[in-house]
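Colleague: Can you read through this structure? Questions will come right after.
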Amino acid sequence: TFRLVDWVERAERRIVGEVRAPHEEELFSFTTAPRFAVDPLLLDASFQVASNWDALGPFGFIAIPLGFGALRIHARRGGAASARVEVTVVEEQERDVFYDLEVRAAGTKLFEIERLHRRRIDEVARDA
């Protein structure tokens, strides 16, 4: 899924990214019909856009998702539609960062997530 994020642009408390539509021959190119309420590929890619706010920051943190407060579904992505992901940082608590996300395709709001919770990993121990 990482190759589906075309670009990201980071600001002080916000990050915006574009998720391209998958190629038709890819496994999840038509994940919107009919058994998924939310396209899992687009959901994952929107989390990746959000993770870049920390990764592209001054300390280059890696942050893993832990959960979110609410998911509101408004519409489904068309098979050939790319999507714009807009992420706003709403709170920082030491290693924990909370984001609100909005995902749109062709001007139509697909879904929004309140309080995506990501935790920064600032140190990794490796076995010798």
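Chains: A, B, ... in order of the structure tokens. Residues: from 1 per chain. Ligands: from 1, in order shown.
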Would you pick out the contacts of Glu112 of chain A at 7 Å or less, using only C-alpha atoms, so that residues sharing its chain but fewer than 6 positions from it are not included, and give the list as an MDAnalysis selection string?

Modeller: chainID A and resid 71:73 101:103

Colleague: For a test of reading the model, state the distance in Å between atom CA of Gly107 of chain A and atom CA of Val16 of chain A, rounded to one decimal.

Modeller: 14.6 Å

Colleague: For atom CA of Val38 of chain A and atom CA of Leu116 of chain A, determine how far apart the two atoms are, in Å to one decimal place.

Modeller: 15.8 Å

Colleague: With distances taken over only C-alpha atoms, which residue among A:His117, A:Arg95, A:Arg104, A:Arg84 lies nearest Ala70 of chain A?

Modeller: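 The shortest atom-to-atom distance to Ala70 of chain A comes from A:His117.
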
Colleague: Calculate how many Å separate atom CA of Ala75 of chain A from atom CA of Asp54 of chain A, rounding to one decimal.

Modeller: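 Straight-line distance from atom CA of Ala75 of chain A to atom CA of Asp54 of chain A works out to 28.7 Å.
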
Colleague: With distances taken over only C-alpha atoms, which of A:Val97, A:Ala106, A:Arg115, A:Arg13 is nearest to Phe61 of chain A?

Modeller: A:Val97

Colleague: Tell me, which residues of segment 16-111 of chain A carry DSSP strand (DSSP E), written as a ChimeraX atom specification?

Modeller: /A:16-19,62-67,70-73,83-93,96-105,108-111

Colleague: Write out, as a CSV table (one decimal), in the first residue's frame, the residues just selected, with C-alpha atoms.

Modeller:
chain,number,residue,atom,x,y,z
A,16,VAL,CA,-2.3,16.5,3.4
A,17,GLY,CA,-1.7,13.6,1.0
A,18,GLU,CA,-3.0,12.1,-2.2
A,19,VAL,CA,-3.8,8.4,-2.5
A,62,ILE,CA,7.9,6.3,13.8
A,63,ALA,CA,4.4,6.2,15.2
A,64,ILE,CA,2.1,3.2,15.3
A,65,PRO,CA,-1.7,3.3,15.3
A,66,LEU,CA,-3.4,2.2,18.5
A,67,GLY,CA,-7.1,3.0,17.7
A,70,ALA,CA,-15.1,7.5,15.8
A,71,LEU,CA,-15.4,6.5,12.1
A,72,ARG,CA,-18.1,8.2,10.1
A,73,ILE,CA,-18.8,6.8,6.6
A,83,ALA,CA,-8.5,10.3,-2.8
A,84,ARG,CA,-7.3,13.3,-0.9
A,85,VAL,CA,-6.5,12.8,2.8
A,86,GLU,CA,-6.4,15.8,5.1
A,87,VAL,CA,-5.1,15.2,8.6
A,88,THR,CA,-5.1,17.6,11.5
A,89,VAL,CA,-3.2,17.1,14.7
A,90,VAL,CA,-5.6,17.7,17.6
A,91,GLU,CA,-3.5,16.7,20.6
A,92,GLU,CA,0.0,15.7,21.6
A,93,GLN,CA,0.7,13.9,24.9
A,96,ASP,CA,0.8,9.9,22.0
A,97,VAL,CA,-0.5,11.9,19.1
A,98,PHE,CA,-4.2,12.3,18.2
A,99,TYR,CA,-5.4,13.2,14.7
A,100,ASP,CA,-8.6,13.9,12.9
A,101,LEU,CA,-8.8,12.7,9.3
A,102,GLU,CA,-11.1,13.5,6.4
A,103,VAL,CA,-10.9,11.6,3.1
A,104,ARG,CA,-12.5,12.9,-0.1
A,105,ALA,CA,-12.6,11.7,-3.7
A,108,THR,CA,-17.2,13.9,-2.1
A,109,LYS,CA,-16.5,13.1,1.5
A,110,LEU,CA,-15.9,9.4,1.8
A,111,PHE,CA,-15.2,9.1,5.5

Colleague: I need the residue nearest Asp44 of chain A from this list: A:Phe59, A:Ala11, A:Leu4, A:Arg118. Use only C-alpha atoms for the distance.

Modeller: A:Leu4

Colleague: Of the candidates A:Gly57, A:Ile15, A:Arg10, A:Val5, which one gets nearest to Ala45 of chain A if we count only C-alpha atoms?

Modeller: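 The shortest atom-to-atom distance to Ala45 of chain A comes from A:Val5.
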